[in-house]
$ cat query21.txt   # compact mmCIF, C-alpha atoms
# COMPACT_ATOMS: atom_id res chain seq x y z
CA MET A 1354 -14.52 20.01 13.71
CA HIS A 1355 -11.60 22.41 13.97
CA ARG A 1356 -8.93 22.30 16.68
CA GLU A 1357 -5.98 24.67 16.56
CA HIS A 1358 -4.45 24.05 19.98
CA HIS A 1359 -4.88 20.81 21.90
CA SER A 1360 -2.72 18.93 24.35
CA ASP A 1361 -3.96 15.38 23.76
CA ASN A 1362 -3.69 12.80 20.99
CA LEU A 1363 -6.75 11.67 19.05
CA LEU A 1364 -6.95 8.17 17.56
CA ILE A 1365 -9.88 7.61 15.18
CA TYR A 1366 -10.96 4.38 13.48
CA CYS A 1367 -13.44 4.80 10.61
CA THR A 1368 -15.72 1.82 10.04
CA GLU A 1369 -18.11 3.26 7.43
CA GLY A 1370 -18.49 6.26 5.14
CA LYS A 1371 -15.97 8.97 4.41
CA ALA A 1372 -14.61 12.27 5.75
CA PHE A 1373 -12.31 15.03 4.55
CA LEU A 1374 -9.35 15.94 6.73
CA ASN A 1375 -6.75 18.69 6.80
CA VAL A 1376 -3.74 18.41 9.13
CA GLU A 1377 -1.37 21.35 9.25
CA GLY A 1378 -2.31 22.32 5.71
CA GLU A 1379 -2.16 18.81 4.20
CA PRO A 1380 -5.45 17.37 2.83
CA TYR A 1381 -6.48 13.74 3.31
CA THR A 1382 -9.54 11.63 2.58
CA VAL A 1383 -10.46 9.12 5.28
CA GLY A 1384 -12.65 6.13 4.46
CA ALA A 1385 -13.90 2.87 5.90
CA GLY A 1386 -11.07 0.81 7.37
CA ASP A 1387 -8.76 3.79 7.93
CA LEU A 1388 -7.03 4.48 11.24
CA LEU A 1389 -6.15 8.11 11.83
CA LEU A 1390 -3.86 9.65 14.46
CA LEU A 1391 -3.98 13.38 15.20
CA PRO A 1392 -1.02 14.02 17.54
CA ALA A 1393 -1.00 16.61 20.29
CA GLY A 1394 -0.41 20.12 18.96
CA ALA A 1395 -1.29 19.35 15.33
CA ASP A 1396 -3.66 21.95 13.89
CA HIS A 1397 -6.44 20.03 12.16
CA ARG A 1398 -9.95 20.18 10.83
CA TYR A 1399 -12.23 17.49 9.49
CA THR A 1400 -15.74 17.22 8.11
CA SER A 1401 -17.90 14.22 7.32
CA ASP A 1402 -18.88 13.63 3.70
CA PRO A 1403 -22.50 14.87 3.52
CA ASP A 1404 -23.41 12.16 0.97
CA ASP A 1405 -21.59 9.32 2.74
CA PRO A 1406 -21.01 10.33 6.39
CA TRP A 1407 -18.43 8.40 8.35
CA THR A 1408 -19.00 6.21 11.40
CA ILE A 1409 -16.09 6.30 13.84
CA HIS A 1410 -14.68 4.99 17.11
CA TRP A 1411 -12.24 7.33 18.81
CA VAL A 1412 -10.22 7.98 21.94
CA HIS A 1413 -8.39 11.03 23.30
CA TYR A 1414 -5.30 10.23 25.32
CA THR A 1415 -2.01 11.62 26.59
CA GLY A 1416 0.96 10.47 28.64
CA PRO A 1417 4.76 10.30 28.67
CA LEU A 1418 4.79 7.31 26.28
CA ALA A 1419 2.38 8.82 23.75
CA GLU A 1420 5.11 9.69 21.24
CA ASP A 1421 6.68 6.24 21.56
CA PHE A 1422 3.33 4.60 20.85
CA GLN A 1423 2.83 6.94 17.88
CA HIS A 1424 6.00 5.60 16.24
CA TYR A 1425 5.24 2.04 17.28
CA MET A 1426 1.90 2.20 15.47
CA GLY A 1427 3.66 3.47 12.34
CA PHE A 1428 2.51 7.09 12.40
CA SER A 1429 4.77 10.05 11.69
CA GLY A 1430 4.66 13.62 10.44
CA THR A 1431 4.18 12.28 6.91
CA THR A 1432 1.95 9.31 7.79
CA ARG A 1433 -1.31 10.42 9.39
CA VAL A 1434 -3.62 7.69 8.06
CA ARG A 1435 -3.09 3.92 7.91
CA HIS A 1436 -5.49 1.54 6.21
CA LEU A 1437 -6.38 -1.54 8.24
CA GLY A 1438 -9.60 -2.64 6.60
CA ARG A 1439 -12.30 -4.16 8.78
CA GLN A 1440 -10.76 -5.35 12.06
CA PRO A 1441 -13.33 -6.78 14.53
CA ARG A 1442 -10.60 -7.18 17.15
CA LEU A 1443 -9.92 -3.44 17.07
CA LEU A 1444 -13.61 -2.69 17.57
CA VAL A 1445 -13.61 -4.95 20.64
CA ASP A 1446 -10.66 -3.00 22.05
CA PHE A 1447 -12.33 0.36 21.43
CA ASN A 1448 -15.55 -0.80 23.06
CA GLY A 1449 -13.56 -2.16 25.98
CA LEU A 1450 -12.46 1.37 26.86
CA LEU A 1451 -16.08 2.20 27.61
CA SER A 1452 -16.08 -0.23 30.52
CA VAL A 1453 -14.73 2.59 32.70
CA ARG A 1454 -18.27 3.98 32.79
CA GLN A 1455 -19.36 0.99 34.85
CA THR A 1456 -16.81 1.74 37.59
CA GLY A 1457 -17.97 5.26 38.32
CA PHE A 1458 -14.63 6.59 37.04
CA ARG A 1459 -12.82 5.32 40.11
CA THR A 1460 -9.05 4.90 40.02
CA VAL A 1461 -9.23 1.13 39.48
CA GLY A 1462 -11.47 1.66 36.46
CA LEU A 1463 -9.22 4.32 34.99
CA ILE A 1464 -6.17 2.09 35.41
CA HIS A 1465 -8.04 -0.72 33.69
CA ALA A 1466 -9.04 1.60 30.80
CA ALA A 1467 -5.45 2.86 30.45
CA ASN A 1468 -4.22 -0.70 30.08
CA ARG A 1469 -7.00 -1.51 27.60
CA LEU A 1470 -5.76 1.47 25.59
CA ARG A 1471 -2.20 0.13 25.76
CA GLN A 1472 -3.52 -3.21 24.51
CA LEU A 1473 -5.36 -1.51 21.67
CA MET A 1474 -2.29 0.42 20.51
CA THR A 1475 0.13 -2.51 20.76
CA ALA A 1476 -2.23 -4.58 18.58
CA ILE A 1477 -2.22 -2.02 15.75
CA PRO A 1478 0.96 -3.35 14.03
CA LEU A 1479 -0.53 -6.87 14.16
CA ASN A 1480 -3.72 -5.59 12.56
CA ILE A 1481 -1.71 -3.74 9.90
CA ASP A 1482 0.25 -6.90 9.06
CA ASP A 1483 -3.02 -8.79 8.64
CA ALA A 1484 -4.43 -5.96 6.52
CA SER A 1485 -1.31 -5.88 4.32
CA GLN A 1486 -1.64 -9.59 3.60
CA GLN A 1487 -5.32 -9.15 2.80
CA ARG A 1488 -4.61 -6.20 0.48
CA SER A 1489 -1.91 -8.19 -1.26
CA GLU A 1490 -4.39 -10.97 -1.94
CA GLU A 1491 -7.01 -8.48 -3.11
CA LEU A 1492 -4.49 -6.89 -5.49
CA GLU A 1493 -3.57 -10.28 -6.94
CA THR A 1494 -7.26 -11.05 -7.51
CA LEU A 1495 -7.74 -7.68 -9.21
CA HIS A 1496 -4.68 -8.13 -11.42
CA ASN A 1497 -5.80 -11.62 -12.41
CA TYR A 1498 -9.14 -10.11 -13.42
CA MET A 1499 -7.31 -7.55 -15.56
CA ARG A 1500 -5.26 -10.29 -17.26
CA GLU A 1501 -8.43 -12.23 -18.04
CA HIS A 1502 -10.01 -9.16 -19.67
CA LEU A 1503 -7.16 -7.82 -21.78
CA ASP A 1504 -9.47 -7.89 -24.79
CA GLU A 1505 -11.74 -5.29 -23.17
CA ARG A 1506 -11.52 -1.60 -22.28
CA LEU A 1507 -12.18 -1.72 -18.55
CA SER A 1508 -13.14 1.54 -16.87
CA LEU A 1509 -12.14 2.84 -13.45
CA GLU A 1510 -15.76 2.43 -12.37
CA GLN A 1511 -15.78 -1.26 -13.32
CA LEU A 1512 -12.55 -1.95 -11.42
CA ALA A 1513 -13.71 0.01 -8.39
CA GLU A 1514 -16.93 -2.00 -8.28
CA LEU A 1515 -14.88 -5.18 -7.88
CA SER A 1516 -13.33 -3.72 -4.74
CA GLY A 1517 -16.60 -2.38 -3.36
CA LEU A 1518 -15.26 1.19 -3.27
CA SER A 1519 -16.13 4.46 -4.96
CA PRO A 1520 -13.95 5.18 -8.04
CA ALA A 1521 -12.13 8.03 -6.29
CA HIS A 1522 -11.51 6.04 -3.11
CA PHE A 1523 -10.42 2.99 -5.10
CA ALA A 1524 -7.98 5.01 -7.25
CA THR A 1525 -6.44 6.61 -4.16
CA ARG A 1526 -6.05 3.26 -2.38
CA TYR A 1527 -4.57 1.61 -5.46
CA ARG A 1528 -1.99 4.36 -5.98
CA GLN A 1529 -0.99 4.21 -2.32
CA GLN A 1530 -0.38 0.47 -2.63
CA THR A 1531 1.29 0.34 -6.04
CA GLY A 1532 2.55 3.83 -6.89
CA THR A 1533 0.54 3.95 -10.11
CA SER A 1534 -3.09 4.20 -11.22
CA PRO A 1535 -5.22 1.09 -11.91
CA ILE A 1536 -5.88 2.14 -15.50
CA GLN A 1537 -2.16 2.71 -16.09
CA HIS A 1538 -1.38 -0.75 -14.75
CA PHE A 1539 -4.06 -2.25 -16.99
CA LEU A 1540 -2.48 -0.48 -19.98
CA HIS A 1541 0.95 -1.86 -19.03
CA LEU A 1542 -0.51 -5.37 -18.97
CA LYS A 1543 -1.92 -4.80 -22.47
CA VAL A 1544 1.43 -3.53 -23.73
CA GLU A 1545 3.16 -6.50 -22.11
CA ARG A 1546 0.80 -8.85 -23.96
CA ALA A 1547 1.38 -6.94 -27.20
CA CYS A 1548 5.13 -7.41 -26.76
CA GLN A 1549 4.65 -11.15 -26.30
CA LEU A 1550 2.65 -11.36 -29.54
CA LEU A 1551 5.15 -9.22 -31.43
CA ASP A 1552 7.97 -11.47 -30.21
CA SER A 1553 6.36 -14.82 -30.86
CA THR A 1554 4.00 -14.38 -33.83
CA ASP A 1555 3.73 -12.75 -37.27
CA VAL A 1556 0.32 -11.29 -36.43
CA SER A 1557 -0.01 -7.69 -37.61
CA PHE A 1558 -0.10 -4.95 -35.03
CA ALA A 1559 -3.57 -3.99 -36.25
CA GLU A 1560 -4.78 -7.48 -35.32
CA ILE A 1561 -2.92 -7.37 -32.00
CA SER A 1562 -4.59 -4.06 -31.24
CA ARG A 1563 -8.00 -5.52 -32.03
CA ARG A 1564 -7.33 -8.50 -29.74
CA LEU A 1565 -6.50 -6.08 -26.94
CA GLY A 1566 -9.68 -4.05 -27.33
CA TYR A 1567 -8.45 -1.26 -29.62
CA ASP A 1568 -10.10 -0.85 -33.00
CA ASP A 1569 -7.81 2.12 -33.67
CA ALA A 1570 -4.34 0.56 -34.11
CA TYR A 1571 -2.76 4.00 -34.53
CA TYR A 1572 -4.06 5.07 -31.12
CA PHE A 1573 -2.77 1.92 -29.42
CA SER A 1574 0.54 2.33 -31.25
CA ARG A 1575 0.96 5.73 -29.60
CA LEU A 1576 0.19 4.23 -26.19
CA PHE A 1577 2.65 1.41 -26.89
CA LYS A 1578 5.41 3.87 -27.80
CA LYS A 1579 4.72 5.95 -24.71
CA VAL A 1580 5.23 2.90 -22.50
CA MET A 1581 8.05 1.15 -24.40
CA GLY A 1582 9.90 4.15 -25.80
CA GLN A 1583 9.72 2.82 -29.37
CA SER A 1584 7.08 2.00 -31.94
CA PRO A 1585 5.66 -1.54 -32.28
CA ARG A 1586 7.40 -1.85 -35.64
CA ASP A 1587 10.78 -0.89 -34.19
CA TYR A 1588 10.18 -3.17 -31.19
CA ARG A 1589 9.45 -6.18 -33.41
CA HIS A 1590 12.52 -5.51 -35.55
CA THR A 1591 14.78 -5.07 -32.52
CA ALA A 1592 13.36 -8.11 -30.75
CA ARG A 1593 13.92 -10.42 -33.72
CA HIS A 1594 17.14 -9.03 -35.12
$ encode --input "query21.txt" --output "structure tokens"
Amino acid sequence: MHREHHSDNLLIYCTEGKAFLNVEGEPYTVGAGDLLLLPAGADHRYTSDPDDPWTIHWVHYTGPLAEDFQHYMGFSGTTRVRHLGRQPRLLVDFNGLLSVRQTGFRTVGLIHAANRLRQLMTAIPLNIDDASQQRSEELETLHNYMREHLDERLSLEQLAELSGLSPAHFATRYRQQTGTSPIQHFLHLKVERACQLLDSTDVSFAEISRRLGYDDAYYFSRLFKKVMGQSPRDYRHTARH
């Protein structure tokens, strides 16, 4: 789909699959649980992933309050997509808009649909708050899993499987939520644990490396220095003296 000039707004909720989107030259990937707003006048194109096509609910709308609702829902020129996760209440609201078909598109039915749309849009911030709490809990579960497996070399694929997402989708979501990659955070947890052992024990760094899943102590030493800004040896000396 490609629309260069359009006078209405398009709100899309993806419930399954994935699609690739470009809005005024900026690329996005839209996946299950994402809510997307394409405002009036925004040049855009999107295509469904051929291997994992999206399933969507959508509505075109316009009106004098459209821009106010856009900001109220948290969308802007830099925020086109918001992740809500699975929201059954939102699906009920979308399906409620279809009730206008049963009225023969008479004025009373259109007024009812317009107010159902208003209800849908005013509920978005509530849904986002719920989704934020859920994502926070999911992150804590994931981070606890990382802490319990510091002796292993977890891959992006293994972590993504815990979240039920593809590796690429998982990495994008994680970076949006934390500002870093999941593997980088896992490394920081390992370095944090190494610091604790260097501070509180006389265990050699080679043994610490082995405990944290690295048979090559020299390699882990380089990772440690990259994170901490000093070698393990210098860190232990500074910490104790």
$ closest_atom_pairs --input "query21.txt" --of "range 1399-1507 of chain A" --to "range 1528-1544 of chain A" --cutoff "12 Å" --atoms "all atoms listed in the file" --output "Markdown table"
| residue | atom | partner | partner_atom | distance |
| --- | --- | --- | --- | --- |
| A:Thr1432 | CA | A:Gln1529 | CA | 11.7 |
| A:Val1434 | CA | A:Gln1529 | CA | 11.3 |
| A:Arg1435 | CA | A:Gln1529 | CA | 10.4 |
| A:His1436 | CA | A:Gln1529 | CA | 10.0 |
| A:Ala1484 | CA | A:Gln1530 | CA | 11.9 |
| A:Ser1485 | CA | A:Gln1530 | CA | 9.5 |
| A:Gln1486 | CA | A:Gln1530 | CA | 11.9 |
| A:Arg1488 | CA | A:Gln1530 | CA | 8.5 |
| A:Ser1489 | CA | A:Gln1530 | CA | 8.9 |
| A:Glu1491 | CA | A:Gln1530 | CA | 11.1 |
| A:Leu1492 | CA | A:Gln1530 | CA | 8.9 |
| A:Glu1493 | CA | A:Thr1531 | CA | 11.7 |
| A:Leu1495 | CA | A:Pro1535 | CA | 9.5 |
| A:His1496 | CA | A:Phe1539 | CA | 8.1 |
| A:Asn1497 | CA | A:Leu1542 | CA | 10.5 |
| A:Tyr1498 | CA | A:Phe1539 | CA | 10.0 |
| A:Met1499 | CA | A:Phe1539 | CA | 6.4 |
| A:Arg1500 | CA | A:Leu1542 | CA | 7.0 |
| A:Glu1501 | CA | A:Leu1542 | CA | 10.5 |
| A:His1502 | CA | A:Phe1539 | CA | 9.5 |
| A:Leu1503 | CA | A:Lys1543 | CA | 6.1 |
| A:Asp1504 | CA | A:Lys1543 | CA | 8.5 |
| A:Glu1505 | CA | A:Lys1543 | CA | 9.9 |
| A:Arg1506 | CA | A:Phe1539 | CA | 9.2 |
| A:Leu1507 | CA | A:Ile1536 | CA | 8.0 |
$ write_last_selection --input "query21.txt" --atoms "C-alpha atoms" --output "PDB file, in the frame of the given file"
ATOM      1  CA  THR A1432       1.950   9.310   7.790  1.00  0.00           C
ATOM      2  CA  VAL A1434      -3.620   7.690   8.060  1.00  0.00           C
ATOM      3  CA  ARG A1435      -3.090   3.920   7.910  1.00  0.00           C
ATOM      4  CA  HIS A1436      -5.490   1.540   6.210  1.00  0.00           C
ATOM      5  CA  ALA A1484      -4.430  -5.960   6.520  1.00  0.00           C
ATOM      6  CA  SER A1485      -1.310  -5.880   4.320  1.00  0.00           C
ATOM      7  CA  GLN A1486      -1.640  -9.590   3.600  1.00  0.00           C
ATOM      8  CA  ARG A1488      -4.610  -6.200   0.480  1.00  0.00           C
ATOM      9  CA  SER A1489      -1.910  -8.190  -1.260  1.00  0.00           C
ATOM     10  CA  GLU A1491      -7.010  -8.480  -3.110  1.00  0.00           C
ATOM     11  CA  LEU A1492      -4.490  -6.890  -5.490  1.00  0.00           C
ATOM     12  CA  GLU A1493      -3.570 -10.280  -6.940  1.00  0.00           C
ATOM     13  CA  LEU A1495      -7.740  -7.680  -9.210  1.00  0.00           C
ATOM     14  CA  HIS A1496      -4.680  -8.130 -11.420  1.00  0.00           C
ATOM     15  CA  ASN A1497      -5.800 -11.620 -12.410  1.00  0.00           C
ATOM     16  CA  TYR A1498      -9.140 -10.110 -13.420  1.00  0.00           C
ATOM     17  CA  MET A1499      -7.310  -7.550 -15.560  1.00  0.00           C
ATOM     18  CA  ARG A1500      -5.260 -10.290 -17.260  1.00  0.00           C
ATOM     19  CA  GLU A1501      -8.430 -12.230 -18.040  1.00  0.00           C
ATOM     20  CA  HIS A1502     -10.010  -9.160 -19.670  1.00  0.00           C
ATOM     21  CA  LEU A1503      -7.160  -7.820 -21.780  1.00  0.00           C
ATOM     22  CA  ASP A1504      -9.470  -7.890 -24.790  1.00  0.00           C
ATOM     23  CA  GLU A1505     -11.740  -5.290 -23.170  1.00  0.00           C
ATOM     24  CA  ARG A1506     -11.520  -1.600 -22.280  1.00  0.00           C
ATOM     25  CA  LEU A1507     -12.180  -1.720 -18.550  1.00  0.00           C
TER      26      LEU A1507
END
$ atom_distance --input "query21.txt" --atom1 "CA of Cys1548 in chain A" --atom2 "CA of Leu1515 in chain A"
27.6 Å
$ atom_distance --input "query21.txt" --atom1 "CA of Gln1423 in chain A" --atom2 "CA of Gly1394 in chain A"
13.6 Å
$ closest_residue --input "query21.txt" --among "A:Gly1449, A:Pro1403, A:Pro1380, A:Pro1392" --to "Glu1357 in chain A" --atoms "all atoms listed in the file"
A:Pro1392
$ atom_distance --input "query21.txt" --atom1 "CA of Arg1439 in chain A" --atom2 "CA of His1397 in chain A"
25.1 Å
$ decode --input "query21.txt" --residues "range 1485-1519 of chain A" --atoms "N, CA and C atoms" --output "mmCIF file, in the first residue's frame"
data_model
loop_
_atom_site.group_PDB
_atom_site.id
_atom_site.type_symbol
_atom_site.label_atom_id
_atom_site.label_comp_id
_atom_site.auth_asym_id
_atom_site.auth_seq_id
_atom_site.Cartn_x
_atom_site.Cartn_y
_atom_site.Cartn_z
ATOM 1 N N SER A 1485 2.661 -0.959 29.694
ATOM 2 C CA SER A 1485 3.949 -0.580 30.284
ATOM 3 C C SER A 1485 4.222 -1.390 31.541
ATOM 4 N N GLN A 1486 3.187 -1.569 32.364
ATOM 5 C CA GLN A 1486 3.344 -2.367 33.575
ATOM 6 C C GLN A 1486 3.675 -3.814 33.236
ATOM 7 N N GLN A 1487 2.989 -4.331 32.210
ATOM 8 C CA GLN A 1487 3.230 -5.709 31.790
ATOM 9 C C GLN A 1487 4.648 -5.868 31.256
ATOM 10 N N ARG A 1488 5.107 -4.891 30.438
ATOM 11 C CA ARG A 1488 6.461 -4.971 29.887
ATOM 12 C C ARG A 1488 7.508 -4.875 30.986
ATOM 13 N N SER A 1489 7.224 -4.051 32.000
ATOM 14 C CA SER A 1489 8.147 -3.928 33.113
ATOM 15 C C SER A 1489 8.294 -5.265 33.839
ATOM 16 N N GLU A 1490 7.184 -5.951 34.024
ATOM 17 C CA GLU A 1490 7.222 -7.254 34.677
ATOM 18 C C GLU A 1490 7.944 -8.278 33.806
ATOM 19 N N GLU A 1491 7.708 -8.212 32.488
ATOM 20 C CA GLU A 1491 8.374 -9.141 31.580
ATOM 21 C C GLU A 1491 9.883 -8.902 31.574
ATOM 22 N N LEU A 1492 10.292 -7.619 31.628
ATOM 23 C CA LEU A 1492 11.715 -7.302 31.659
ATOM 24 C C LEU A 1492 12.359 -7.843 32.925
ATOM 25 N N GLU A 1493 11.671 -7.682 34.049
ATOM 26 C CA GLU A 1493 12.216 -8.160 35.318
ATOM 27 C C GLU A 1493 12.376 -9.673 35.292
ATOM 28 N N THR A 1494 11.417 -10.374 34.699
ATOM 29 C CA THR A 1494 11.507 -11.827 34.566
ATOM 30 C C THR A 1494 12.695 -12.214 33.700
ATOM 31 N N LEU A 1495 12.876 -11.488 32.591
ATOM 32 C CA LEU A 1495 13.990 -11.756 31.690
ATOM 33 C C LEU A 1495 15.324 -11.492 32.379
ATOM 34 N N HIS A 1496 15.421 -10.390 33.104
ATOM 35 C CA HIS A 1496 16.675 -10.059 33.776
ATOM 36 C C HIS A 1496 16.985 -11.049 34.894
ATOM 37 N N ASN A 1497 15.962 -11.522 35.581
ATOM 38 C CA ASN A 1497 16.187 -12.559 36.594
ATOM 39 C C ASN A 1497 16.727 -13.829 35.953
ATOM 40 N N TYR A 1498 16.201 -14.156 34.769
ATOM 41 C CA TYR A 1498 16.687 -15.335 34.042
ATOM 42 C C TYR A 1498 18.162 -15.154 33.693
ATOM 43 N N MET A 1499 18.526 -13.945 33.253
ATOM 44 C CA MET A 1499 19.929 -13.677 32.924
ATOM 45 C C MET A 1499 20.808 -13.869 34.155
ATOM 46 N N ARG A 1500 20.365 -13.340 35.296
ATOM 47 C CA ARG A 1500 21.167 -13.440 36.526
ATOM 48 C C ARG A 1500 21.350 -14.897 36.955
ATOM 49 N N GLU A 1501 20.344 -15.708 36.693
ATOM 50 C CA GLU A 1501 20.419 -17.122 37.071
ATOM 51 C C GLU A 1501 21.291 -17.935 36.122
ATOM 52 N N HIS A 1502 21.661 -17.341 34.982
ATOM 53 C CA HIS A 1502 22.447 -18.081 33.986
ATOM 54 C C HIS A 1502 23.728 -17.326 33.630
ATOM 55 N N LEU A 1503 24.319 -16.668 34.614
ATOM 56 C CA LEU A 1503 25.553 -15.936 34.368
ATOM 57 C C LEU A 1503 26.719 -16.852 34.023
ATOM 58 N N ASP A 1504 26.578 -18.130 34.329
ATOM 59 C CA ASP A 1504 27.653 -19.078 34.021
ATOM 60 C C ASP A 1504 27.557 -19.614 32.598
ATOM 61 N N GLU A 1505 26.598 -19.102 31.827
ATOM 62 C CA GLU A 1505 26.396 -19.583 30.464
ATOM 63 C C GLU A 1505 26.640 -18.455 29.460
ATOM 64 N N ARG A 1506 26.675 -18.824 28.193
ATOM 65 C CA ARG A 1506 26.798 -17.845 27.103
ATOM 66 C C ARG A 1506 25.475 -17.841 26.352
ATOM 67 N N LEU A 1507 24.508 -17.111 26.868
ATOM 68 C CA LEU A 1507 23.186 -17.081 26.248
ATOM 69 C C LEU A 1507 23.233 -16.343 24.914
ATOM 70 N N SER A 1508 22.492 -16.850 23.942
ATOM 71 C CA SER A 1508 22.427 -16.212 22.636
ATOM 72 C C SER A 1508 21.168 -15.353 22.525
ATOM 73 N N LEU A 1509 21.153 -14.485 21.525
ATOM 74 C CA LEU A 1509 19.983 -13.654 21.274
ATOM 75 C C LEU A 1509 18.773 -14.527 20.979
ATOM 76 N N GLU A 1510 18.996 -15.623 20.265
ATOM 77 C CA GLU A 1510 17.904 -16.528 19.919
ATOM 78 C C GLU A 1510 17.282 -17.150 21.168
ATOM 79 N N GLN A 1511 18.119 -17.529 22.135
ATOM 80 C CA GLN A 1511 17.602 -18.118 23.373
ATOM 81 C C GLN A 1511 16.768 -17.115 24.166
ATOM 82 N N LEU A 1512 17.238 -15.876 24.253
ATOM 83 C CA LEU A 1512 16.519 -14.843 24.991
ATOM 84 C C LEU A 1512 15.217 -14.480 24.281
ATOM 85 N N ALA A 1513 15.266 -14.423 22.956
ATOM 86 C CA ALA A 1513 14.065 -14.085 22.193
ATOM 87 C C ALA A 1513 12.992 -15.152 22.367
ATOM 88 N N GLU A 1514 13.414 -16.400 22.456
ATOM 89 C CA GLU A 1514 12.471 -17.504 22.616
ATOM 90 C C GLU A 1514 11.691 -17.373 23.924
ATOM 91 N N LEU A 1515 12.333 -16.840 24.951
ATOM 92 C CA LEU A 1515 11.657 -16.637 26.231
ATOM 93 C C LEU A 1515 10.521 -15.634 26.113
ATOM 94 N N SER A 1516 10.680 -14.686 25.194
ATOM 95 C CA SER A 1516 9.672 -13.648 25.002
ATOM 96 C C SER A 1516 8.660 -14.010 23.922
ATOM 97 N N GLY A 1517 8.879 -15.115 23.242
ATOM 98 C CA GLY A 1517 7.962 -15.529 22.186
ATOM 99 C C GLY A 1517 8.031 -14.671 20.947
ATOM 100 N N LEU A 1518 9.199 -14.031 20.710
ATOM 101 C CA LEU A 1518 9.362 -13.147 19.561
ATOM 102 C C LEU A 1518 10.512 -13.637 18.694
ATOM 103 N N SER A 1519 10.546 -13.154 17.453
ATOM 104 C CA SER A 1519 11.693 -13.447 16.599
ATOM 105 C C SER A 1519 12.895 -12.687 17.160
#
